[in-house]
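Pasting my_file-v2.cif here (mmCIF, C-alpha atoms):
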```
data_work
loop_
_atom_site.label_atom_id
_atom_site.label_comp_id
_atom_site.auth_asym_id
_atom_site.auth_seq_id
_atom_site.Cartn_x
_atom_site.Cartn_y
_atom_site.Cartn_z
CA MET A 4 0.00 0.00 0.00
CA ALA A 5 1.36 3.42 -0.94
CA GLY A 6 0.64 5.53 2.03
CA VAL A 7 3.18 7.99 3.36
CA GLN A 8 3.30 11.37 1.68
CA ALA A 9 6.47 13.42 1.54
CA ASN A 10 6.35 16.77 -0.31
CA SER A 11 3.24 15.59 -2.27
CA VAL A 12 5.08 12.53 -3.58
CA SER A 13 3.59 9.09 -2.88
CA LEU A 14 6.04 6.48 -1.62
CA GLU A 15 5.28 2.77 -1.67
CA LYS A 16 5.52 1.35 1.86
CA TRP A 17 4.67 -1.95 3.49
CA CYS A 18 1.97 -1.25 6.12
CA ARG A 19 0.81 -3.37 9.04
CA LEU A 20 -2.18 -2.78 11.32
CA ARG A 21 -1.94 -3.85 14.97
CA GLY A 22 -4.87 -2.81 17.14
CA ASN A 23 -5.24 0.95 16.69
CA LEU A 24 -1.62 1.37 15.52
CA LEU A 25 -0.84 1.53 11.80
CA PHE A 26 2.86 0.86 11.22
CA TYR A 27 4.59 1.74 7.95
CA PHE A 28 7.96 0.31 6.99
CA LYS A 29 10.95 1.84 5.26
CA THR A 30 10.34 0.09 1.93
CA SER A 31 7.75 -2.06 0.21
CA ASP A 32 9.49 -5.14 1.63
CA GLN A 33 7.57 -6.67 4.54
CA PHE A 34 10.85 -7.66 6.20
CA SER A 35 12.21 -4.09 6.30
CA GLU A 36 12.37 -2.14 9.54
CA PRO A 37 9.42 -0.01 10.74
CA GLN A 38 9.85 3.66 9.93
CA GLY A 39 6.91 5.14 11.81
CA CYS A 40 3.48 4.64 13.33
CA ILE A 41 0.08 6.34 13.00
CA VAL A 42 -2.20 6.26 16.06
CA LEU A 43 -5.77 5.66 14.88
CA GLU A 44 -7.84 7.76 17.29
CA LYS A 45 -10.32 10.57 16.63
CA TYR A 46 -10.33 9.98 12.90
CA ARG A 47 -12.49 8.82 10.02
CA CYS A 48 -11.68 6.83 6.89
CA VAL A 49 -13.11 8.28 3.65
CA LYS A 50 -12.78 8.01 -0.12
CA GLN A 51 -13.58 10.76 -2.63
CA GLY A 52 -14.09 8.71 -5.78
CA ASP A 53 -14.31 5.20 -7.17
CA LEU A 54 -12.01 5.78 -10.14
CA LYS A 55 -8.39 4.71 -10.17
CA GLU A 56 -5.84 7.51 -9.95
CA TYR A 57 -2.24 7.61 -11.16
CA ASP A 58 -0.92 5.68 -8.14
CA GLY A 59 -3.90 3.39 -7.44
CA TYR A 60 -7.22 3.38 -5.63
CA VAL A 61 -7.12 6.24 -3.11
CA PHE A 62 -8.65 6.76 0.33
CA TYR A 63 -7.89 9.23 3.13
CA LEU A 64 -7.49 9.29 6.90
CA GLU A 65 -8.95 12.54 8.26
CA PHE A 66 -8.23 13.43 11.89
CA GLU A 67 -10.20 15.82 14.09
CA ASP A 68 -7.18 18.12 14.49
CA GLY A 69 -7.17 18.81 10.73
CA LEU A 70 -4.44 16.41 9.63
CA ARG A 71 -5.09 14.38 6.50
CA GLN A 72 -3.19 11.34 5.22
CA ARG A 73 -3.52 9.92 1.71
CA PHE A 74 -3.30 6.19 0.95
CA ALA A 75 -3.51 4.22 -2.28
CA THR A 76 -3.86 0.49 -2.96
CA ASN A 77 -3.29 -1.63 -6.04
CA THR A 78 -6.87 -2.88 -6.39
CA GLU A 79 -10.33 -1.71 -5.40
CA GLN A 80 -10.82 -4.83 -3.27
CA GLU A 81 -7.67 -4.03 -1.30
CA ARG A 82 -8.95 -0.49 -0.71
CA LEU A 83 -12.26 -1.84 0.61
CA GLU A 84 -10.51 -4.28 2.96
CA TRP A 85 -8.10 -1.63 4.27
CA MET A 86 -10.90 0.87 4.87
CA GLN A 87 -12.96 -1.71 6.76
CA ALA A 88 -10.01 -2.81 8.91
CA ILE A 89 -8.87 0.74 9.70
CA GLY A 90 -12.43 1.88 10.36
CA LEU A 91 -12.85 -0.79 13.05
CA ALA A 92 -9.45 -0.16 14.69
CA GLY A 93 -10.43 2.79 16.91
CA TYR A 94 -10.57 2.49 20.69
CA ASP A 95 -14.24 3.49 20.85
CA VAL A 96 -15.13 0.68 18.44
CA LYS A 97 -13.19 -1.86 20.53
CA ARG A 98 -14.99 -0.67 23.68
CA ALA A 99 -18.35 -1.05 21.93
CA GLN A 100 -17.43 -4.56 20.79
CA LEU A 101 -16.35 -5.49 24.32
CA LYS A 102 -19.61 -4.13 25.73
CA TYR A 103 -21.63 -6.12 23.20
CA LEU A 104 -19.78 -9.37 23.97
CA ARG A 105 -20.23 -8.79 27.69
CA GLU A 106 -23.97 -8.28 27.21
CA GLN A 107 -24.20 -11.50 25.22
CA ILE A 108 -22.44 -13.41 28.02
CA ASP A 109 -24.78 -11.91 30.61
CA LYS A 110 -27.79 -12.82 28.45
CA LYS A 111 -26.63 -16.46 28.28
CA ARG A 112 -26.19 -16.53 32.03
CA GLY A 113 -29.59 -15.00 32.65
CA MET A 114 -28.19 -12.46 35.10
CA ILE A 115 -24.99 -10.61 35.88
CA HIS A 116 -22.52 -12.44 38.11
CA ASP A 117 -19.37 -10.99 39.63
CA VAL A 118 -19.40 -7.79 37.59
CA ASP A 119 -16.16 -5.78 37.68
CA VAL A 120 -16.45 -2.07 38.50
CA ASP A 121 -14.37 -1.18 35.42
CA MET A 122 -16.81 -3.12 33.25
CA LEU A 123 -19.74 -1.42 35.01
CA ARG A 124 -18.24 2.00 34.24
CA LEU A 125 -17.79 0.90 30.64
CA GLN A 126 -21.41 -0.24 30.37
CA THR A 127 -22.79 2.98 31.86
CA GLY A 128 -20.36 5.28 30.02
CA LYS A 129 -19.06 6.78 33.28
CA GLU A 130 -15.45 7.57 34.12
CA ILE A 131 -13.69 8.36 37.38
CA GLU A 132 -13.88 12.08 38.13
CA LEU A 133 -10.31 13.14 38.88
CA ASN A 134 -11.41 16.01 41.16
CA GLU A 135 -14.03 13.97 43.04
CA VAL A 136 -13.54 13.80 46.80
CA PRO A 137 -13.81 10.11 47.79
CA ILE A 138 -15.93 8.88 50.66
CA CYS A 139 -12.94 7.26 52.34
CA GLU A 140 -9.85 5.15 51.75
CA SER A 141 -9.40 1.82 53.57
CA ALA A 142 -6.22 -0.13 54.25
CA ILE A 143 -6.69 -3.86 54.86
CA SER A 144 -4.83 -6.36 57.00
CA CYS A 145 -5.61 -9.87 58.27
CA ASP A 146 -4.50 -11.99 61.18
CA ASN A 147 -4.80 -15.63 62.23
CA LEU A 148 -5.75 -16.85 58.76
CA LEU A 149 -6.24 -20.59 58.45
CA CYS A 150 -3.37 -22.69 57.10
CA ASP A 151 -3.80 -25.51 54.60
CA GLY A 152 -3.99 -29.21 55.44
CA ASN A 153 -0.19 -29.46 55.62
CA GLY A 154 0.11 -26.58 58.07
CA LYS A 155 1.54 -24.14 55.49
CA PRO A 156 0.39 -20.51 55.71
CA PRO A 157 -1.65 -19.22 52.74
CA ASN A 158 -0.78 -16.75 49.97
CA PRO A 159 -3.54 -14.30 50.92
CA SER A 160 -5.25 -11.69 48.79
CA VAL A 161 -8.49 -9.86 49.63
CA VAL A 162 -11.20 -9.15 47.05
CA VAL A 163 -13.64 -6.32 47.84
CA GLN A 164 -17.20 -6.40 46.46
CA VAL A 165 -19.97 -3.82 46.85
CA THR A 166 -23.69 -3.49 46.26
CA SER A 167 -24.51 -0.63 43.89
CA ASN A 168 -27.64 1.37 43.17
CA ASN A 169 -26.83 1.23 39.46
CA ARG A 170 -29.49 -0.54 37.40
CA ALA A 171 -26.84 -1.98 35.07
CA ALA A 172 -25.66 -4.31 37.82
CA SER A 173 -27.52 -6.70 40.06
CA GLY A 174 -25.92 -8.41 43.00
CA TRP A 175 -22.29 -7.95 43.95
CA VAL A 176 -19.85 -5.81 41.98
CA LYS A 177 -16.12 -6.52 42.23
CA TYR A 178 -14.73 -3.18 43.41
CA GLY A 179 -11.05 -3.89 44.01
CA ARG A 180 -8.46 -6.29 45.35
CA THR A 181 -5.19 -6.23 47.23
CA GLU A 182 -1.87 -7.62 46.17
CA VAL A 183 -0.81 -11.20 46.98
CA ILE A 184 1.45 -11.73 49.99
CA GLU A 185 3.24 -15.05 49.96
CA ARG A 186 3.21 -17.43 52.93
CA SER A 187 1.65 -15.28 55.64
CA SER A 188 -1.21 -15.80 58.05
CA ASN A 189 -0.94 -12.18 59.22
CA PRO A 190 -0.64 -10.09 56.04
CA GLN A 191 -0.63 -6.29 55.90
CA PHE A 192 -1.53 -5.12 52.41
CA ILE A 193 -0.23 -1.88 50.90
CA CYS A 194 -2.93 -1.69 48.18
CA THR A 195 -5.87 0.27 49.53
CA ILE A 196 -9.52 0.57 48.46
CA THR A 197 -10.98 4.01 47.73
CA PHE A 198 -14.78 4.20 47.90
CA ARG A 199 -16.40 6.83 45.63
CA THR A 200 -19.86 8.38 45.49
CA GLY A 201 -19.66 8.43 41.68
CA ASP A 202 -19.89 4.62 41.70
CA GLY A 203 -23.30 4.75 43.38
CA LEU A 204 -22.03 4.07 46.91
CA ASN A 205 -23.53 5.51 50.08
CA ALA A 206 -23.62 4.76 53.81
CA LYS A 207 -26.16 1.93 53.30
CA SER A 208 -24.07 0.11 50.66
CA GLN A 209 -22.94 -3.33 51.78
CA ILE A 210 -19.23 -4.16 51.45
CA ARG A 211 -18.02 -7.75 51.27
CA PHE A 212 -14.40 -8.68 51.98
CA THR A 213 -13.33 -12.15 50.82
CA ALA A 214 -9.88 -13.51 51.64
CA TYR A 215 -8.41 -15.96 49.11
CA ASP A 216 -5.45 -18.32 49.17
CA VAL A 217 -3.86 -17.75 45.74
CA ARG A 218 -2.38 -21.04 44.60
CA GLU A 219 -1.16 -19.82 41.17
CA LYS A 220 -0.52 -16.15 40.37
CA VAL A 221 -0.54 -16.32 36.56
CA THR A 222 -3.96 -17.95 36.23
CA GLN A 223 -5.23 -16.41 39.51
CA THR A 224 -6.24 -19.85 40.75
CA ALA A 225 -7.41 -19.28 44.31
CA VAL A 226 -9.34 -20.94 47.11
CA PRO A 227 -11.60 -18.82 49.38
CA ILE A 228 -10.52 -18.68 53.01
CA GLY A 229 -13.29 -16.62 54.56
CA TRP A 230 -15.52 -13.60 54.10
CA ALA A 231 -17.11 -10.75 56.04
CA GLU A 232 -19.80 -8.17 55.28
CA VAL A 233 -20.25 -4.69 56.72
CA ALA A 234 -22.06 -1.49 55.75
CA LEU A 235 -20.02 1.35 54.29
CA GLY A 236 -21.42 3.69 56.91
CA VAL A 237 -19.90 1.54 59.66
CA ILE A 238 -16.52 1.65 57.89
CA THR A 239 -16.55 5.45 57.55
CA ASP A 240 -17.62 5.95 61.19
CA THR A 241 -14.86 3.69 62.56
CA SER A 242 -11.20 4.52 62.00
CA ARG A 243 -10.13 0.94 62.78
CA LEU A 244 -12.56 -1.97 62.49
CA ARG A 245 -11.64 -5.61 63.25
CA ILE A 246 -14.23 -8.25 62.33
CA PRO A 247 -14.09 -12.06 62.04
CA LEU A 248 -13.93 -13.91 58.72
CA ARG A 249 -16.43 -16.72 58.26
CA THR A 250 -15.73 -19.82 56.23
CA GLN A 251 -17.79 -20.91 53.23
CA SER A 252 -18.99 -24.03 55.02
CA PRO A 253 -22.63 -24.25 56.22
CA CYS A 254 -21.54 -24.12 59.85
CA GLY A 255 -19.76 -20.80 59.19
CA GLY A 256 -16.66 -21.37 61.30
CA ASN A 257 -14.03 -18.75 62.09
CA ALA A 258 -11.29 -18.40 59.41
CA GLY A 259 -9.38 -15.53 61.00
CA PHE A 260 -9.86 -11.79 61.31
CA ILE A 261 -9.74 -8.80 58.97
CA THR A 262 -8.86 -5.27 60.08
CA ILE A 263 -10.05 -2.25 58.08
CA ALA A 264 -8.17 0.99 58.82
CA THR A 265 -10.09 3.89 57.26
CA CYS A 266 -9.00 7.45 56.53
CA ALA A 267 -11.62 10.13 55.93
CA PRO A 268 -10.89 13.04 53.54
CA ASP A 269 -9.17 16.03 55.13
CA LEU A 270 -11.58 18.68 53.86
CA GLU A 271 -10.42 21.31 56.34
CA LYS A 272 -6.82 21.29 55.16
CA LYS A 273 -5.94 24.53 53.41
CA THR A 274 -3.74 24.34 50.36
CA SER A 275 -2.27 27.84 50.74
CA ARG A 276 -1.36 30.15 53.60
CA SER A 277 0.03 33.62 53.90
CA PRO A 278 3.88 33.91 53.83
CA ALA A 279 3.98 35.53 57.28
CA LYS A 280 1.86 32.76 58.86
CA ALA A 281 3.84 30.04 57.08
CA GLY A 282 7.13 31.54 58.22
CA LEU A 283 5.89 31.74 61.81
CA ASP A 284 4.74 28.09 61.77
CA GLN A 285 8.12 26.95 60.41
CA GLN A 286 9.94 28.92 63.11
CA GLN A 287 7.78 27.42 65.86
CA GLN A 288 8.27 23.95 64.42
CA HIS A 289 12.05 24.43 64.31
CA GLN A 290 12.10 25.62 67.94
CA HIS A 291 9.98 22.65 68.98
CA GLN A 292 12.37 20.24 67.27
CA GLN A 293 15.34 21.87 69.00
CA ALA A 294 13.54 21.62 72.35
CA ILE A 295 12.97 17.88 72.08
CA GLY A 296 16.37 17.24 70.45
CA HIS A 297 14.87 15.48 67.43
CA ARG A 298 17.11 15.24 64.36
CA ARG A 299 15.96 14.05 61.00
CA SER A 300 16.23 14.93 57.32
CA GLN A 301 14.00 17.60 55.77
CA SER A 302 12.48 15.16 53.24
CA LEU A 303 9.62 14.19 55.57
CA PRO A 304 7.78 16.09 58.33
CA PRO A 305 8.29 15.02 61.96
CA LYS A 306 4.73 13.69 62.05
CA LEU A 307 2.30 12.62 59.35
CA GLY A 308 -1.41 13.29 59.40
CA VAL A 309 -3.93 10.52 59.91
CA LYS A 310 -6.55 11.89 57.51
CA LEU A 311 -6.74 11.29 53.77
CA PHE A 312 -5.02 14.12 51.88
CA ILE A 313 -7.00 15.40 48.90
CA PRO A 314 -4.81 16.76 46.07
CA PRO A 315 -5.76 20.21 44.72
CA PRO A 316 -8.08 20.34 41.69
CA SER A 317 -6.37 19.22 38.51
CA LYS A 318 -6.90 20.14 34.85
CA LEU A 319 -5.71 16.78 33.57
CA ALA A 320 -9.23 15.96 32.40
CA LEU A 321 -8.88 18.60 29.68
CA VAL A 322 -6.28 16.58 27.76
CA PHE A 323 -6.63 13.07 29.20
CA THR A 324 -9.49 10.58 29.47
CA ASN A 325 -10.38 7.15 30.88
CA PRO A 326 -8.46 7.51 34.19
CA ASN A 327 -7.47 4.47 36.21
CA ILE A 328 -6.52 5.25 39.80
CA HIS A 329 -4.75 2.97 42.30
CA THR A 330 -3.94 3.95 45.87
CA TYR A 331 -1.36 2.58 48.28
CA ARG A 332 -0.54 3.19 51.92
CA LEU A 333 2.93 2.55 53.35
CA HIS A 334 3.64 2.24 57.04
CA SER A 335 6.00 4.70 58.72
CA GLY A 336 7.22 5.62 62.19
CA LEU A 337 5.92 9.20 61.97
CA GLY A 338 2.54 8.72 63.60
CA GLY A 339 0.80 8.12 60.28
CA ASP A 340 1.13 6.40 56.92
CA ILE A 341 2.62 7.50 53.61
CA SER A 342 -0.17 7.70 51.03
CA VAL A 343 0.63 7.06 47.36
CA GLN A 344 -1.73 7.70 44.45
CA GLU A 345 -1.05 6.23 41.00
CA ILE A 346 -3.01 7.64 38.05
CA MET A 347 -2.96 6.14 34.55
CA LEU A 348 -4.71 8.02 31.75
CA GLU A 349 -5.22 7.97 28.00
CA SER A 350 -4.27 11.04 26.00
CA GLN A 351 -6.92 12.81 23.92
CA LEU A 352 -4.26 14.47 21.79
CA CYS A 353 -3.27 11.42 19.71
#
```
Target encoding structure tokens, full file:
Amino acid sequence: MAGVQANSVSLEKWCRLRGNLLFYFKTSDQFSEPQGCIVLEKYRCVKQGDLKEYDGYVFYLEFEDGLRQRFATNTEQERLEWMQAIGLAGYDVKRAQLKYLREQIDKKRGMIHDVDVDMLRLQTGKEIELNEVPICESAISCDNLLCDGNGKPPNPSVVVQVTSNNRAASGWVKYGRTEVIERSSNPQFICTITFRTGDGLNAKSQIRFTAYDVREKVTQTAVPIGWAEVALGVITDTSRLRIPLRTQSPCGGNAGFITIATCAPDLEKKTSRSPAKAGLDQQQQHQHQQAIGHRRSQSLPPKLGVKLFIPPPSKLALVFTNPNIHTYRLHSGLGGDISVQEIMLESQLC
């Protein structure tokens, strides 16, 4: 396919489509090295005539930012096939196909089972609001988890499910999970769960915590250890909640305990202060440190807060979309924990 224009001259290149990436190679040889890549997002594939031009059967890629790329194929059938393949390569088309396949699976089942919150957001067309203040953030730990028949401690991981008011989901929705800690009956997980109002959660929403023994990480083969249910309102009202885990057996024996340490948003924290006030606070803090003889580096404060810090409003949503947020909480000896927020986004400028 002749596709890459340079100074209004068509050059014959070998092209290869992978997902929404259209690679073009240095020459018409399929074994030559790739020369560049065109990201197929926010575009449309059009043709202006059915007649053959001097270099073949022509069609165009027109992008929303005004860029236009001309392509030509050897035959009309090749043009039709390329236009169909490129037209279906966009991310929005893939999301629509995924939604359709998911709906077909749910229709075969007769109801929705174990829906993932990411899939629920995809079905409803909702995204995480970057500037939304969450209800709370919970760190999870377990103790006295049951060992297997040989007395070996499990490889625990906790899956969190919620009940949602969204009509697109019935039953439990998988809301998040922790990492896997190998060979521990008393794990302390660093992955935290952030509960958001935008996902249809409120104080009456039921939260289910299920601890699993992960036997194989790659295939996520796991055996349930125990589970516990509690209302979100109870979690938000209690900074540290320890509840028993019940086994899946009919008798409902004790499988250990789960502790939920919750941090509420620090809405009273001011992001800016006057220079005079800030200077006075720093001077008082320095005098206090000298009085108690405490020495430490300036990279961290002498004491961390126990509330959930809310970053200032961001304008990332103007140029990025489809955010995926993960939160972590690391233990420290400063009277609080170190909170980490990881944000992955897709650019709208491609």
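Nearest to Phe26 (chain A) of all the residues A:Thr76, A:Ile89, A:Asn205, A:Asn189 is A:Ile89, based on only C-alpha atoms.
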So what do you get for CA of Gly255 (chain A) versus CA of Asp240 (chain A), distance-wise?
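Here the two named atoms are 26.9 Å from each other.
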Hey, what comes out of the PyMOL selection byres ((chain A and resi 227) around 7) on this file? Could you write it as a list of chain:residue names?
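With the shown file as input, the PyMOL selection byres ((chain A and resi 227) around 7) matches A:Ala214, A:Tyr215, A:Asp216, A:Ala225, A:Val226, A:Ile228, A:Gly229.
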Quick one: which residues end up in the PyMOL selection byres ((chain A and resi 125) around 12) for this structure, as number ranges by chain?
A: 95, 97-103, 105-106, 118-124, 126-131, 171-172, 202, 325-326
Mind listing as a PyMOL selection string all residues within 7 Å of (-5.1, 1.7, 50.5), counting all atoms listed in the file?
chain A and resi 140-142+193-197+330-332
Go through the shown structure with the PyMOL selection byres ((chain A and resi 219) around 12) and write out the matching residues as a VMD selection string.
chain A and resid 157 to 160 183 185 215 to 218 220 to 226
I'd like to know which of A:Val176, A:Leu133, A:Leu235, A:Leu149 is closest to Met347 (chain A), using only C-alpha atoms.
A:Leu133
Quick one: pull the distance between CA of Tyr46 (chain A) and CA of Asn134 (chain A), Å, one decimal.
28.9 Å
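Here CA of Ile263 (chain A) stands at a distance of 5.7 Å from CA of Arg243 (chain A).
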Of A:Arg245, A:Lys29, A:Lys16, A:His329, the one nearest to Ser144 (chain A) when counting only C-alpha atoms is A:Arg245
Show which residues sit within 8 Å of Glu232 (chain A), as a PyMOL selection string. Count only C-alpha atoms, and ignore same-chain residues fewer than 2 positions away.
chain A and resi 209-212+230+234
Write out the residues from the selection above, keeping C-alpha atoms, as an mmCIF file, keeping the file's coordinate frame.
```cif
data_model
loop_
_atom_site.group_PDB
_atom_site.id
_atom_site.type_symbol
_atom_site.label_atom_id
_atom_site.label_comp_id
_atom_site.auth_asym_id
_atom_site.auth_seq_id
_atom_site.Cartn_x
_atom_site.Cartn_y
_atom_site.Cartn_z
ATOM 1 C CA GLN A 209 -22.940 -3.330 51.780
ATOM 2 C CA ILE A 210 -19.230 -4.160 51.450
ATOM 3 C CA ARG A 211 -18.020 -7.750 51.270
ATOM 4 C CA PHE A 212 -14.400 -8.680 51.980
ATOM 5 C CA TRP A 230 -15.520 -13.600 54.100
ATOM 6 C CA ALA A 234 -22.060 -1.490 55.750
#
```
Pick from A:Pro156, A:Glu81, A:Thr262, A:Thr213: nearest to Arg180 (chain A), with all atoms listed in the file counted?
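Answer, going by the shortest atom-to-atom distance: A:Thr213.
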